[in-house]
$ cat protein-v6.cif   # mmCIF, C-alpha atoms
data_model
#
loop_
_atom_site.label_atom_id
_atom_site.label_comp_id
_atom_site.auth_asym_id
_atom_site.auth_seq_id
_atom_site.Cartn_x
_atom_site.Cartn_y
_atom_site.Cartn_z
CA MET G 21 23.28 6.50 -9.31
CA ASP G 22 21.82 9.83 -10.26
CA THR G 23 22.35 12.61 -7.74
CA PRO G 24 20.20 15.67 -7.07
CA THR G 25 21.15 18.78 -8.90
CA LYS G 26 22.15 21.74 -6.78
CA GLN G 27 19.25 24.14 -6.45
CA MET G 28 19.03 27.76 -5.50
CA ALA G 29 15.96 28.75 -3.53
CA SER G 30 13.44 30.83 -5.38
CA PRO G 31 11.24 32.51 -2.75
CA LEU G 32 7.57 32.10 -3.46
CA ASN G 33 4.67 33.77 -1.76
CA ASN G 34 2.00 31.60 -0.18
CA VAL G 35 -0.42 31.88 -3.09
CA ALA G 36 2.19 30.73 -5.62
CA TYR G 37 3.28 27.85 -3.41
CA ILE G 38 -0.30 26.66 -2.90
CA GLY G 39 -0.80 27.00 -6.65
CA ILE G 40 2.09 24.57 -7.22
CA ALA G 41 0.50 22.18 -4.72
CA LEU G 42 -2.81 22.37 -6.58
CA LEU G 43 -1.02 21.66 -9.85
CA LEU G 44 0.71 18.71 -8.19
CA GLY G 45 -2.62 17.32 -7.00
CA GLY G 46 -4.07 17.58 -10.50
CA LEU G 47 -1.11 15.88 -12.15
CA THR G 48 -1.11 13.10 -9.57
CA ALA G 49 -4.83 12.53 -10.11
CA LEU G 50 -4.28 12.09 -13.86
CA VAL G 51 -1.29 9.76 -13.49
CA GLY G 52 -2.80 7.87 -10.55
CA GLY G 53 -6.17 7.57 -12.26
CA ALA G 54 -4.58 6.19 -15.41
CA PHE G 55 -2.60 3.72 -13.31
CA HIS G 56 -5.67 2.65 -11.35
CA GLU G 57 -7.69 2.14 -14.51
CA GLY G 58 -4.83 0.30 -16.21
CA VAL G 59 -4.45 -2.18 -13.35
CA SER G 60 -8.21 -2.81 -13.30
CA GLN G 61 -8.40 -3.33 -17.06
CA LEU G 62 -5.39 -5.66 -17.13
CA GLY G 63 -6.82 -7.65 -14.22
CA ARG G 64 -10.07 -8.17 -16.11
CA VAL G 65 -8.21 -9.15 -19.28
CA TYR G 66 -6.07 -11.70 -17.43
CA ALA G 67 -9.04 -13.15 -15.55
CA GLY G 68 -11.01 -13.63 -18.78
CA LEU G 69 -8.09 -14.82 -20.90
CA SER G 70 -8.82 -18.53 -20.68
CA GLN G 71 -12.52 -18.01 -21.48
CA THR G 72 -11.60 -15.85 -24.46
CA LEU G 73 -9.34 -18.58 -25.78
CA THR G 74 -11.86 -21.32 -24.80
CA LEU G 75 -9.22 -23.43 -23.08
CA ALA G 76 -9.87 -26.48 -20.90
CA ALA G 77 -9.06 -26.22 -17.19
CA PRO G 78 -5.50 -27.67 -17.19
CA TRP G 79 -4.45 -25.50 -20.11
CA SER G 80 -6.10 -22.45 -18.51
CA TYR G 81 -4.07 -22.91 -15.34
CA LEU G 82 -0.87 -23.36 -17.35
CA LEU G 83 -1.59 -20.24 -19.41
CA MET G 84 -2.30 -18.13 -16.33
CA ALA G 85 0.88 -19.38 -14.65
CA LEU G 86 2.93 -18.41 -17.73
CA VAL G 87 1.29 -14.98 -17.98
CA SER G 88 1.75 -14.10 -14.30
CA THR G 89 5.30 -15.46 -14.21
CA SER G 90 6.28 -13.47 -17.30
CA ALA G 91 4.66 -10.29 -15.98
CA PHE G 92 6.25 -10.55 -12.51
CA CYS G 93 9.72 -11.33 -13.85
CA LEU G 94 9.55 -8.51 -16.41
CA ALA G 95 8.45 -6.05 -13.71
CA VAL G 96 11.35 -7.08 -11.48
CA ALA G 97 13.79 -6.84 -14.41
CA ILE G 98 12.65 -3.27 -15.18
CA VAL G 99 13.03 -2.26 -11.54
CA ARG G 100 16.48 -3.81 -11.16
CA ARG G 101 17.72 -2.27 -14.42
CA PHE G 102 16.44 1.28 -14.11
CA ALA G 103 15.37 2.12 -10.53
CA PRO G 104 15.97 -0.43 -7.73
CA GLU G 105 14.37 1.95 -5.21
CA ALA G 106 11.04 1.54 -7.05
CA SER G 107 10.57 -1.98 -5.69
CA GLY G 108 7.92 -2.55 -3.06
CA SER G 109 6.24 0.46 -1.47
CA GLY G 110 7.46 3.99 -2.00
CA VAL G 111 6.42 5.35 1.39
CA GLN G 112 9.78 4.77 3.09
CA GLU G 113 11.56 6.33 0.11
CA VAL G 114 9.42 9.47 0.40
CA GLU G 115 9.97 9.69 4.15
CA GLY G 116 13.69 9.22 3.59
CA ALA G 117 13.68 12.03 1.00
CA MET G 118 11.86 14.37 3.38
CA ALA G 119 14.48 13.53 5.99
CA GLY G 120 17.27 14.35 3.53
CA GLU G 121 18.50 10.73 3.51
CA ARG G 122 17.20 9.73 0.07
CA TYR G 123 16.62 11.38 -3.29
CA VAL G 124 13.59 10.77 -5.52
CA ARG G 125 14.96 10.16 -9.02
CA TRP G 126 11.65 11.16 -10.52
CA HIS G 127 12.60 10.70 -14.18
CA ARG G 128 13.40 7.05 -13.44
CA VAL G 129 10.98 6.20 -10.64
CA LEU G 130 7.90 7.61 -12.36
CA PRO G 131 7.96 5.40 -15.50
CA VAL G 132 9.35 2.36 -13.68
CA LYS G 133 6.71 2.52 -10.96
CA PHE G 134 3.95 3.00 -13.54
CA ILE G 135 4.98 0.28 -15.99
CA GLY G 136 6.27 -2.18 -13.39
CA GLY G 137 3.18 -1.68 -11.27
CA LEU G 138 0.87 -2.29 -14.23
CA LEU G 139 2.68 -5.52 -15.06
CA SER G 140 2.80 -6.95 -11.54
CA LEU G 141 -0.49 -5.78 -10.05
CA GLY G 142 -2.43 -6.36 -13.24
CA ALA G 143 -1.26 -9.98 -13.21
CA GLY G 144 -2.49 -10.62 -9.67
CA LEU G 145 0.52 -9.91 -7.45
CA VAL G 146 -0.63 -9.57 -3.84
CA GLY G 147 0.22 -5.89 -3.48
CA GLY G 148 -1.54 -2.54 -3.32
CA ARG G 149 -1.92 0.22 -5.88
CA GLU G 150 -1.33 2.90 -3.26
CA GLY G 151 2.44 2.24 -2.97
CA PRO G 152 3.10 3.06 -6.63
CA THR G 153 0.72 6.05 -6.65
CA ILE G 154 2.29 7.49 -3.47
CA HIS G 155 5.78 7.16 -4.98
CA MET G 156 4.61 8.55 -8.31
CA GLY G 157 2.98 11.50 -6.54
CA ALA G 158 6.27 12.23 -4.78
CA SER G 159 8.10 11.86 -8.11
CA LEU G 160 5.85 14.47 -9.70
CA ALA G 161 6.51 16.66 -6.66
CA GLN G 162 10.28 16.30 -7.15
CA ALA G 163 9.86 17.28 -10.80
CA LEU G 164 8.03 20.45 -9.73
CA VAL G 165 10.63 21.13 -7.03
CA GLU G 166 13.31 21.15 -9.68
CA ARG G 167 11.19 23.08 -12.18
CA PHE G 168 10.43 25.88 -9.72
CA ARG G 169 13.78 25.60 -7.93
CA LEU G 170 12.35 25.05 -4.48
CA SER G 171 14.51 24.13 -1.53
CA GLY G 172 14.42 23.60 2.21
CA ALA G 173 11.07 23.06 3.90
CA ASP G 174 9.12 23.99 0.76
CA ALA G 175 10.79 21.22 -1.24
CA LYS G 176 10.43 18.58 1.48
CA ALA G 177 6.81 19.47 2.16
CA LEU G 178 5.92 19.25 -1.51
CA LEU G 179 7.13 15.64 -1.48
CA GLY G 180 4.71 14.99 1.37
CA ALA G 181 1.95 16.75 -0.57
CA GLY G 182 2.67 14.52 -3.58
CA ALA G 183 2.50 11.43 -1.37
CA ALA G 184 -0.85 12.58 0.07
CA ALA G 185 -2.16 13.17 -3.44
CA GLY G 186 -0.93 9.70 -4.46
CA LEU G 187 -2.79 8.07 -1.59
CA THR G 188 -5.90 10.06 -2.53
CA ALA G 189 -5.62 8.87 -6.13
CA ALA G 190 -5.46 5.26 -4.95
CA PHE G 191 -8.25 5.27 -2.37
CA SER G 192 -10.21 8.50 -2.93
CA ALA G 193 -9.68 9.31 0.75
CA PRO G 194 -8.29 12.89 0.88
CA VAL G 195 -8.87 13.49 4.59
CA ALA G 196 -7.05 10.32 5.62
CA SER G 197 -4.31 11.13 3.11
CA VAL G 198 -3.62 14.50 4.74
CA LEU G 199 -3.73 12.90 8.19
CA PHE G 200 -1.34 10.18 7.00
CA ILE G 201 1.36 12.73 6.23
CA ILE G 202 0.84 14.51 9.55
CA GLU G 203 0.68 11.36 11.71
CA GLU G 204 2.82 8.76 9.93
CA ALA G 205 5.48 11.15 8.56
CA ARG G 206 5.51 13.39 11.64
CA GLY G 207 9.22 12.82 12.17
CA THR G 208 10.23 14.01 8.70
CA PHE G 209 7.50 16.38 7.49
CA PRO G 210 8.48 20.08 8.00
CA TYR G 211 5.27 21.22 9.66
CA SER G 212 4.05 24.81 9.35
CA LYS G 213 0.78 26.44 8.30
CA ARG G 214 2.18 26.97 4.80
CA THR G 215 3.31 23.38 4.30
CA TYR G 216 0.20 21.95 5.96
CA HIS G 217 -2.02 23.94 3.62
CA ALA G 218 0.01 22.70 0.66
CA VAL G 219 -0.72 19.09 1.61
CA ILE G 220 -4.42 19.88 1.96
CA ALA G 221 -4.44 21.66 -1.41
CA ALA G 222 -2.74 18.77 -3.22
CA ALA G 223 -5.01 16.13 -1.66
CA ALA G 224 -8.14 18.22 -2.33
CA ALA G 225 -7.24 18.88 -5.98
CA CYS G 226 -6.49 15.20 -6.49
CA GLY G 227 -9.71 14.25 -4.69
CA VAL G 228 -11.88 16.44 -6.92
CA LEU G 229 -10.40 15.04 -10.12
CA THR G 230 -10.56 11.47 -8.77
CA ILE G 231 -14.26 11.88 -8.02
CA TRP G 232 -14.79 13.33 -11.51
CA TRP G 233 -12.98 10.34 -13.05
CA GLN G 234 -14.06 7.43 -10.83
CA GLY G 235 -17.27 8.71 -9.21
CA GLY G 236 -17.98 9.83 -5.67
CA ALA G 237 -18.97 6.50 -4.07
CA PRO G 238 -16.68 5.18 -1.30
CA PHE G 239 -13.95 2.92 -2.65
CA MET G 240 -15.16 -0.08 -0.57
CA ALA G 241 -18.77 0.99 -0.03
CA ILE G 242 -20.61 -1.25 2.47
CA TYR G 243 -23.47 -0.73 4.90
CA ALA G 244 -22.79 -1.09 8.63
CA GLN G 245 -25.19 -1.19 11.54
CA THR G 246 -24.62 0.44 14.92
CA MET G 247 -23.35 -2.07 17.45
CA PRO G 248 -24.94 -2.16 20.93
CA VAL G 249 -22.75 -0.89 23.77
CA SER G 250 -22.99 -4.30 25.42
CA PHE G 251 -21.09 -5.84 22.47
CA LEU G 252 -18.26 -3.33 22.16
CA TRP G 253 -16.01 -5.52 24.30
CA ALA G 254 -15.69 -7.81 21.27
CA PHE G 255 -13.87 -5.08 19.34
CA VAL G 256 -11.42 -4.56 22.18
CA LEU G 257 -10.73 -8.31 22.04
CA LEU G 258 -10.34 -8.12 18.26
CA GLY G 259 -7.94 -5.20 18.63
CA ALA G 260 -5.81 -7.12 21.12
CA LEU G 261 -5.54 -10.05 18.73
CA LEU G 262 -4.74 -7.80 15.77
CA GLY G 263 -2.06 -6.05 17.82
CA GLY G 264 -0.19 -9.34 17.93
CA VAL G 265 -0.93 -10.12 14.28
CA GLY G 266 0.44 -6.73 13.22
CA VAL G 267 3.73 -7.25 15.06
CA LEU G 268 4.07 -10.74 13.55
CA PHE G 269 3.18 -9.41 10.10
CA ASN G 270 5.89 -6.72 10.24
CA ARG G 271 8.51 -9.23 11.32
CA VAL G 272 7.54 -11.64 8.55
CA ILE G 273 7.75 -8.84 5.96
CA LEU G 274 11.31 -7.98 7.05
CA PHE G 275 12.30 -11.65 7.24
CA SER G 276 10.94 -12.19 3.72
CA LEU G 277 12.89 -9.23 2.36
CA ASP G 278 16.13 -10.54 3.87
CA ALA G 279 15.44 -14.10 2.67
CA ALA G 280 14.66 -12.84 -0.84
CA ALA G 281 17.89 -10.80 -0.86
CA ARG G 282 19.91 -13.89 0.05
CA LEU G 283 18.11 -15.94 -2.62
CA SER G 284 18.80 -13.23 -5.17
CA GLN G 285 22.49 -13.16 -4.23
CA HIS G 286 23.09 -16.90 -4.29
CA VAL G 287 20.63 -18.13 -6.93
CA SER G 288 18.70 -15.59 -9.02
CA PRO G 289 16.50 -12.54 -8.37
CA TYR G 290 13.85 -14.08 -10.62
CA VAL G 291 13.30 -17.31 -8.69
CA LEU G 292 10.83 -15.78 -6.23
CA PRO G 293 8.74 -13.83 -8.78
CA ALA G 294 8.67 -16.93 -11.02
CA CYS G 295 7.45 -19.12 -8.16
CA LEU G 296 4.81 -16.53 -7.29
CA GLY G 297 3.65 -16.43 -10.89
CA ILE G 298 3.31 -20.22 -10.98
CA MET G 299 1.13 -20.08 -7.85
CA ILE G 300 -0.82 -16.85 -8.35
CA GLY G 301 -1.71 -17.38 -12.02
CA PRO G 302 -3.92 -20.43 -11.44
CA LEU G 303 -5.29 -18.91 -8.22
CA ILE G 304 -6.77 -16.04 -10.26
CA LEU G 305 -9.14 -18.66 -11.71
CA TRP G 306 -9.45 -21.08 -8.79
CA PHE G 307 -9.33 -18.87 -5.68
CA PRO G 308 -9.35 -15.19 -6.77
CA GLN G 309 -9.85 -13.94 -3.20
CA ALA G 310 -6.25 -14.96 -2.50
CA THR G 311 -4.79 -12.82 -5.30
CA GLY G 312 -4.40 -9.11 -6.01
CA GLY G 313 -4.44 -6.27 -3.54
CA GLY G 314 -7.79 -7.34 -2.13
CA GLU G 315 -9.18 -3.79 -2.20
CA HIS G 316 -12.73 -5.07 -2.71
CA LEU G 317 -12.41 -8.22 -0.61
CA VAL G 318 -14.60 -6.82 2.16
CA GLU G 319 -17.49 -6.30 -0.26
CA VAL G 320 -17.07 -9.79 -1.74
CA LEU G 321 -16.92 -11.58 1.63
CA VAL G 322 -19.82 -9.63 3.09
CA GLN G 323 -22.03 -10.48 0.11
CA HIS G 324 -20.71 -14.05 -0.27
CA PRO G 325 -19.63 -15.32 3.18
CA LEU G 326 -17.11 -18.16 3.40
CA SER G 327 -17.06 -21.00 5.92
CA ILE G 328 -14.71 -20.85 8.90
CA GLY G 329 -12.44 -23.40 7.23
CA MET G 330 -12.20 -21.41 3.99
CA LEU G 331 -11.60 -18.21 5.94
CA GLY G 332 -8.76 -19.92 7.82
CA LEU G 333 -7.25 -21.09 4.53
CA LEU G 334 -7.59 -17.57 3.11
CA VAL G 335 -5.88 -16.08 6.19
CA MET G 336 -2.84 -18.31 5.74
CA THR G 337 -2.75 -17.89 1.97
CA ARG G 338 -2.94 -14.09 2.00
CA PHE G 339 -0.44 -13.83 4.86
CA VAL G 340 2.18 -15.87 3.00
CA MET G 341 1.39 -14.37 -0.40
CA THR G 342 1.53 -10.78 0.88
CA ALA G 343 4.96 -11.24 2.45
CA SER G 344 6.30 -13.13 -0.58
CA SER G 345 4.87 -10.66 -3.09
CA TYR G 346 6.31 -7.68 -1.25
CA ALA G 347 9.73 -9.32 -1.12
CA ALA G 348 9.70 -10.21 -4.83
CA GLY G 349 11.06 -6.82 -5.87
CA ALA G 350 8.21 -5.56 -8.06
CA PRO G 351 6.44 -2.22 -7.46
CA ALA G 352 3.61 -2.89 -5.00
CA GLY G 353 2.13 -1.26 -1.94
CA ILE G 354 1.36 -2.75 1.43
CA PHE G 355 -1.69 -0.73 2.53
CA ALA G 356 -4.28 -2.71 0.56
CA PRO G 357 -2.89 -6.17 1.45
CA ILE G 358 -2.91 -5.17 5.14
CA LEU G 359 -6.56 -4.15 4.88
CA ALA G 360 -7.47 -7.33 2.98
CA LEU G 361 -5.66 -9.52 5.51
CA ALA G 362 -7.41 -7.66 8.32
CA VAL G 363 -10.83 -8.33 6.79
CA VAL G 364 -10.16 -12.07 6.51
CA VAL G 365 -8.66 -12.38 10.01
CA SER G 366 -11.48 -10.35 11.55
CA LEU G 367 -14.23 -12.34 9.83
CA PHE G 368 -12.52 -15.55 10.96
CA VAL G 369 -12.40 -14.29 14.55
CA GLY G 370 -16.00 -13.09 14.34
CA ASN G 371 -17.24 -16.44 13.06
CA VAL G 372 -15.36 -18.32 15.77
CA LEU G 373 -16.77 -15.95 18.40
CA ALA G 374 -20.29 -16.54 17.06
CA LEU G 375 -19.92 -20.22 17.97
CA PHE G 376 -19.74 -19.32 21.66
CA VAL G 377 -21.73 -16.13 22.16
CA SER G 378 -24.72 -14.44 20.60
CA VAL G 379 -23.70 -11.73 18.13
CA PRO G 380 -25.97 -8.88 17.00
CA ASP G 381 -27.14 -8.37 13.43
CA GLY G 382 -24.47 -6.79 11.25
CA ALA G 383 -21.67 -7.85 13.58
CA MET G 384 -19.60 -9.42 10.80
CA VAL G 385 -19.59 -6.20 8.79
CA ALA G 386 -18.55 -4.27 11.89
CA PHE G 387 -15.79 -6.82 12.54
CA ALA G 388 -14.50 -6.42 8.98
CA VAL G 389 -14.50 -2.61 9.15
CA ALA G 390 -13.03 -2.33 12.65
CA GLY G 391 -10.46 -5.02 11.88
CA MET G 392 -9.04 -3.01 8.99
CA ALA G 393 -8.47 -0.06 11.31
CA GLY G 394 -6.98 -2.36 13.94
CA LEU G 395 -4.39 -4.11 11.78
CA PHE G 396 -3.47 -0.81 10.11
CA ALA G 397 -2.88 0.70 13.55
CA SER G 398 -0.76 -2.19 14.81
CA SER G 399 1.38 -2.53 11.68
CA ILE G 400 1.78 1.09 10.56
CA ARG G 401 1.23 2.58 14.05
CA ALA G 402 -1.01 5.40 12.87
CA PRO G 403 -4.32 4.61 14.60
CA MET G 404 -6.18 7.81 13.73
CA VAL G 405 -5.20 7.48 10.07
CA GLY G 406 -6.47 3.92 10.19
CA VAL G 407 -9.86 4.90 11.60
CA VAL G 408 -10.40 7.86 9.26
CA LEU G 409 -9.12 5.93 6.23
CA ILE G 410 -11.46 3.00 6.82
CA ILE G 411 -14.50 5.19 7.37
CA GLU G 412 -13.70 7.14 4.18
CA LEU G 413 -13.09 3.93 2.25
CA THR G 414 -16.26 2.15 3.32
CA GLY G 415 -18.65 4.96 4.22
CA ALA G 416 -19.56 2.80 7.24
CA HIS G 417 -19.93 5.62 9.75
CA ALA G 418 -21.92 3.42 12.12
CA ALA G 419 -18.73 1.41 12.71
CA LEU G 420 -16.78 4.43 13.93
CA MET G 421 -16.75 3.51 17.63
CA PRO G 422 -15.89 -0.18 17.07
CA SER G 423 -13.10 0.94 14.73
CA LEU G 424 -11.72 3.42 17.24
CA LEU G 425 -11.74 0.87 20.06
CA CYS G 426 -10.14 -1.79 17.86
CA ALA G 427 -7.44 0.55 16.50
CA ALA G 428 -6.53 2.00 19.90
CA THR G 429 -6.29 -1.44 21.50
CA ALA G 430 -4.25 -2.84 18.61
CA ALA G 431 -1.77 0.05 18.74
CA ILE G 432 -1.33 -0.31 22.51
CA VAL G 433 -0.82 -4.08 22.33
CA ALA G 434 1.66 -3.73 19.44
CA MET G 435 3.62 -1.15 21.43
CA ALA G 436 3.58 -3.41 24.51
CA LEU G 437 4.94 -6.29 22.41
CA GLY G 438 7.84 -4.13 21.25
CA GLY G 439 6.71 -3.85 17.65
CA GLN G 440 7.94 -0.99 15.49
CA PRO G 441 6.04 0.81 12.70
CA ILE G 442 6.60 -1.02 9.43
CA TYR G 443 7.67 2.03 7.41
CA ASP G 444 10.22 3.04 10.05
CA GLN G 445 11.73 -0.43 9.83
CA LEU G 446 11.69 -0.42 6.05
CA LEU G 447 13.42 2.96 5.94
CA GLN G 448 16.06 1.84 8.44
CA ARG G 449 16.67 -1.26 6.33
CA THR G 450 16.94 0.81 3.14
CA LEU G 451 19.45 3.21 4.70
CA ARG G 452 21.47 0.34 6.15
CA LEU G 453 21.68 -1.41 2.78
CA ALA G 454 22.58 1.85 1.03
CA GLN G 455 25.39 2.43 3.52
CA THR G 456 26.68 -1.13 3.05
CA GLU G 457 26.57 -0.72 -0.74
CA ALA G 458 28.42 2.59 -0.53
CA LEU G 459 31.15 1.07 1.64
CA ALA G 460 31.53 -1.89 -0.73
CA HIS G 461 31.74 0.50 -3.68
CA THR G 462 34.42 2.53 -1.90
CA LYS G 463 36.52 -0.58 -1.20
CA THR G 464 36.46 -1.65 -4.82
CA LYS G 465 37.94 1.67 -5.99
#

$ encode --input "protein-v6.cif" --output "structure tokens"
Amino acid sequence: MDTPTKQMASPLNNVAYIGIALLLGGLTALVGGAFHEGVSQLGRVYAGLSQTLTLAAPWSYLLMALVSTSAFCLAVAIVRRFAPEASGSGVQEVEGAMAGERYVRWHRVLPVKFIGGLLSLGAGLVGGREGPTIHMGASLAQALVERFRLSGADAKALLGAGAAAGLTAAFSAPVASVLFIIEEARGTFPYSKRTYHAVIAAAAACGVLTIWWQGGAPFMAIYAQTMPVSFLWAFVLLGALLGGVGVLFNRVILFSLDAAARLSQHVSPYVLPACLGIMIGPLILWFPQATGGGEHLVEVLVQHPLSIGMLGLLVMTRFVMTASSYAAGAPAGIFAPILALAVVVSLFVGNVLALFVSVPDGAMVAFAVAGMAGLFASSIRAPMVGVVLIIELTGAHAALMPSLLCAATAAIVAMALGGQPIYDQLLQRTLRLAQTEALAHTKTK
């Protein structure tokens, strides 16, 4: 494995350091924007492939299964060959690097995350674009750290700034991206006015270029109505339910990773991605709501509501597919699938509730918006990031109070149930496996 080169600190004044952060934000916007556009274009090509070839239904399903299987397996092969740490989300890797426990091999991670992410996410893997863009942002930061010979707090903070820029590139949510570094990475980020301003500069620069490239509309733009005070209890109830769902979700993710590791050891690392391809490929045509990151699922379900039965099926499908896709070993984030799962669960709960009590107009939209903040808070344990992120993503400012109540309740319930933040658990698992691998390597010498 590549090791970091020894660096001598080159003192920079504040203006020069902020200038590097601005450059980082611009570079991340270009790379992240290209990645975002590539995934979208590939998704459209795959979805229209059978129509382009004018194939009958059985042959269309077979073709999509072959395409997704090939893409997933190739993505996993690239990751395993060149940068195993590029699998899954990159958030725990960035936090580990800021803590001095990991090293971002930017010259490997950057191309692997980009190409592997295009292959897997473009072919419908149930994962988010934000994981790759966060890791790529941190990779660009590491490249600049080495180029300008930064060290200490300046170097670690620039990794956080790159991660914030990466999240901005994915969701066009610069405020939530800055808050994410401060709240989620509070244990590893070297906080000072200088480093804090660097994160803001990187996220802002990335945000400006992202708006220029993709437009200024919210990423998941929907209209929400203000909920009456007399109905706010429903969002506390939703938050309590999502607190339990978040704890269960985190445990299933970790269980899936361990199960996939055992399968890889005893059978083949390509069995799981192949099985996912066989299932997800046809679903792109038959049940597209169950595939992909689900970034726009809230808009689709608000405009085209599903029955309670179909929502229940979608809950189970996305839950299983998210955990399986994350464990497959391809580059994919977990933010977007969490938000998509939250939308489906919340709409299911809202529809069930509507069978027993009268709900105000616009309640389902408010449930969807607040639910995203709630599941984010219970799984990732960053409630304020969840609230700000969802409001930035949707532009649904009228749902601010329901979102705050739902997120706060979900975080409290998750804490009471003994749940741990997902990225903390993923980092602990990564460090444990690295230590085991190092010990095994030492014994073989």

$ residues_near_point --input "protein-v6.cif" --point "(-5.1, -12.5, 0.6)" --cutoff "9 Å" --atoms "all atoms listed in the file" --output "list in words"
Val146, Pro308, Gln309, Ala310, Thr311, Gly312, Gly313, Gly314, Leu317, Leu334, Val335, Met336, Thr337, Arg338, Phe339, Val340, Met341, Thr342, Pro357, Ile358, Ala360, Leu361 and Val364 of chain G

$ write_last_selection --input "protein-v6.cif" --atoms "C-alpha atoms" --output "CSV table (one decimal), in the frame of the given file"
chain,number,residue,atom,x,y,z
G,146,VAL,CA,-0.6,-9.6,-3.8
G,308,PRO,CA,-9.4,-15.2,-6.8
G,309,GLN,CA,-9.8,-13.9,-3.2
G,310,ALA,CA,-6.2,-15.0,-2.5
G,311,THR,CA,-4.8,-12.8,-5.3
G,312,GLY,CA,-4.4,-9.1,-6.0
G,313,GLY,CA,-4.4,-6.3,-3.5
G,314,GLY,CA,-7.8,-7.3,-2.1
G,317,LEU,CA,-12.4,-8.2,-0.6
G,334,LEU,CA,-7.6,-17.6,3.1
G,335,VAL,CA,-5.9,-16.1,6.2
G,336,MET,CA,-2.8,-18.3,5.7
G,337,THR,CA,-2.8,-17.9,2.0
G,338,ARG,CA,-2.9,-14.1,2.0
G,339,PHE,CA,-0.4,-13.8,4.9
G,340,VAL,CA,2.2,-15.9,3.0
G,341,MET,CA,1.4,-14.4,-0.4
G,342,THR,CA,1.5,-10.8,0.9
G,357,PRO,CA,-2.9,-6.2,1.4
G,358,ILE,CA,-2.9,-5.2,5.1
G,360,ALA,CA,-7.5,-7.3,3.0
G,361,LEU,CA,-5.7,-9.5,5.5
G,364,VAL,CA,-10.2,-12.1,6.5

$ residues_around --input "protein-v6.cif" --residues "Pro351 (chain G)" --least-positions-apart "6" --cutoff "7 Å" --atoms "all atoms listed in the file" --output "PyMOL selection string"
chain G and resi 106-109+133+136-137+152

$ write_last_selection --input "protein-v6.cif" --atoms "C-alpha atoms" --output "PDB file, in the coordinates of the input"
ATOM      1  CA  ALA G 106      11.040   1.540  -7.050  1.00  0.00           C
ATOM      2  CA  SER G 107      10.570  -1.980  -5.690  1.00  0.00           C
ATOM      3  CA  GLY G 108       7.920  -2.550  -3.060  1.00  0.00           C
ATOM      4  CA  SER G 109       6.240   0.460  -1.470  1.00  0.00           C
ATOM      5  CA  LYS G 133       6.710   2.520 -10.960  1.00  0.00           C
ATOM      6  CA  GLY G 136       6.270  -2.180 -13.390  1.00  0.00           C
ATOM      7  CA  GLY G 137       3.180  -1.680 -11.270  1.00  0.00           C
ATOM      8  CA  PRO G 152       3.100   3.060  -6.630  1.00  0.00           C
TER       9      PRO G 152
END

$ closest_atom_pairs --input "protein-v6.cif" --of "region 217-334 of chain G" --to "region 39-55 of chain G" --cutoff "7 Å" --atoms "only C-alpha atoms" --output "tab-separated table"
residue	atom	partner	partner_atom	distance
G:Ala218	CA	G:Ala41	CA	5.4
G:Ala221	CA	G:Leu42	CA	5.5
G:Ala222	CA	G:Gly45	CA	4.1
G:Ala223	CA	G:Gly45	CA	6.0
G:Ala225	CA	G:Gly45	CA	5.0
G:Cys226	CA	G:Gly45	CA	4.4
G:Leu229	CA	G:Ala49	CA	6.1
G:Thr230	CA	G:Ala49	CA	6.0

$ resolve_selection --input "protein-v6.cif" --expression "the PyMOL selection byres ((chain G and resi 428-443) around 9)" --output "short mmCIF file (atom, residue, chain, number, x, y, z; two decimals) with C-alpha atoms, in the frame of the given file"
data_model
loop_
_atom_site.label_atom_id
_atom_site.label_comp_id
_atom_site.auth_asym_id
_atom_site.auth_seq_id
_atom_site.Cartn_x
_atom_site.Cartn_y
_atom_site.Cartn_z
CA VAL G 111 6.42 5.35 1.39
CA GLN G 112 9.78 4.77 3.09
CA GLU G 115 9.97 9.69 4.15
CA GLU G 204 2.82 8.76 9.93
CA PHE G 255 -13.87 -5.08 19.34
CA VAL G 256 -11.42 -4.56 22.18
CA LEU G 257 -10.73 -8.31 22.04
CA LEU G 258 -10.34 -8.12 18.26
CA GLY G 259 -7.94 -5.20 18.63
CA ALA G 260 -5.81 -7.12 21.12
CA LEU G 261 -5.54 -10.05 18.73
CA LEU G 262 -4.74 -7.80 15.77
CA GLY G 263 -2.06 -6.05 17.82
CA GLY G 264 -0.19 -9.34 17.93
CA VAL G 265 -0.93 -10.12 14.28
CA GLY G 266 0.44 -6.73 13.22
CA VAL G 267 3.73 -7.25 15.06
CA LEU G 268 4.07 -10.74 13.55
CA ASN G 270 5.89 -6.72 10.24
CA ARG G 271 8.51 -9.23 11.32
CA ILE G 273 7.75 -8.84 5.96
CA LEU G 274 11.31 -7.98 7.05
CA ALA G 393 -8.47 -0.06 11.31
CA GLY G 394 -6.98 -2.36 13.94
CA LEU G 395 -4.39 -4.11 11.78
CA PHE G 396 -3.47 -0.81 10.11
CA ALA G 397 -2.88 0.70 13.55
CA SER G 398 -0.76 -2.19 14.81
CA SER G 399 1.38 -2.53 11.68
CA ILE G 400 1.78 1.09 10.56
CA ARG G 401 1.23 2.58 14.05
CA ALA G 402 -1.01 5.40 12.87
CA PRO G 403 -4.32 4.61 14.60
CA MET G 404 -6.18 7.81 13.73
CA SER G 423 -13.10 0.94 14.73
CA LEU G 424 -11.72 3.42 17.24
CA LEU G 425 -11.74 0.87 20.06
CA CYS G 426 -10.14 -1.79 17.86
CA ALA G 427 -7.44 0.55 16.50
CA ASP G 444 10.22 3.04 10.05
CA GLN G 445 11.73 -0.43 9.83
CA LEU G 446 11.69 -0.42 6.05
CA LEU G 447 13.42 2.96 5.94
CA GLN G 448 16.06 1.84 8.44
#
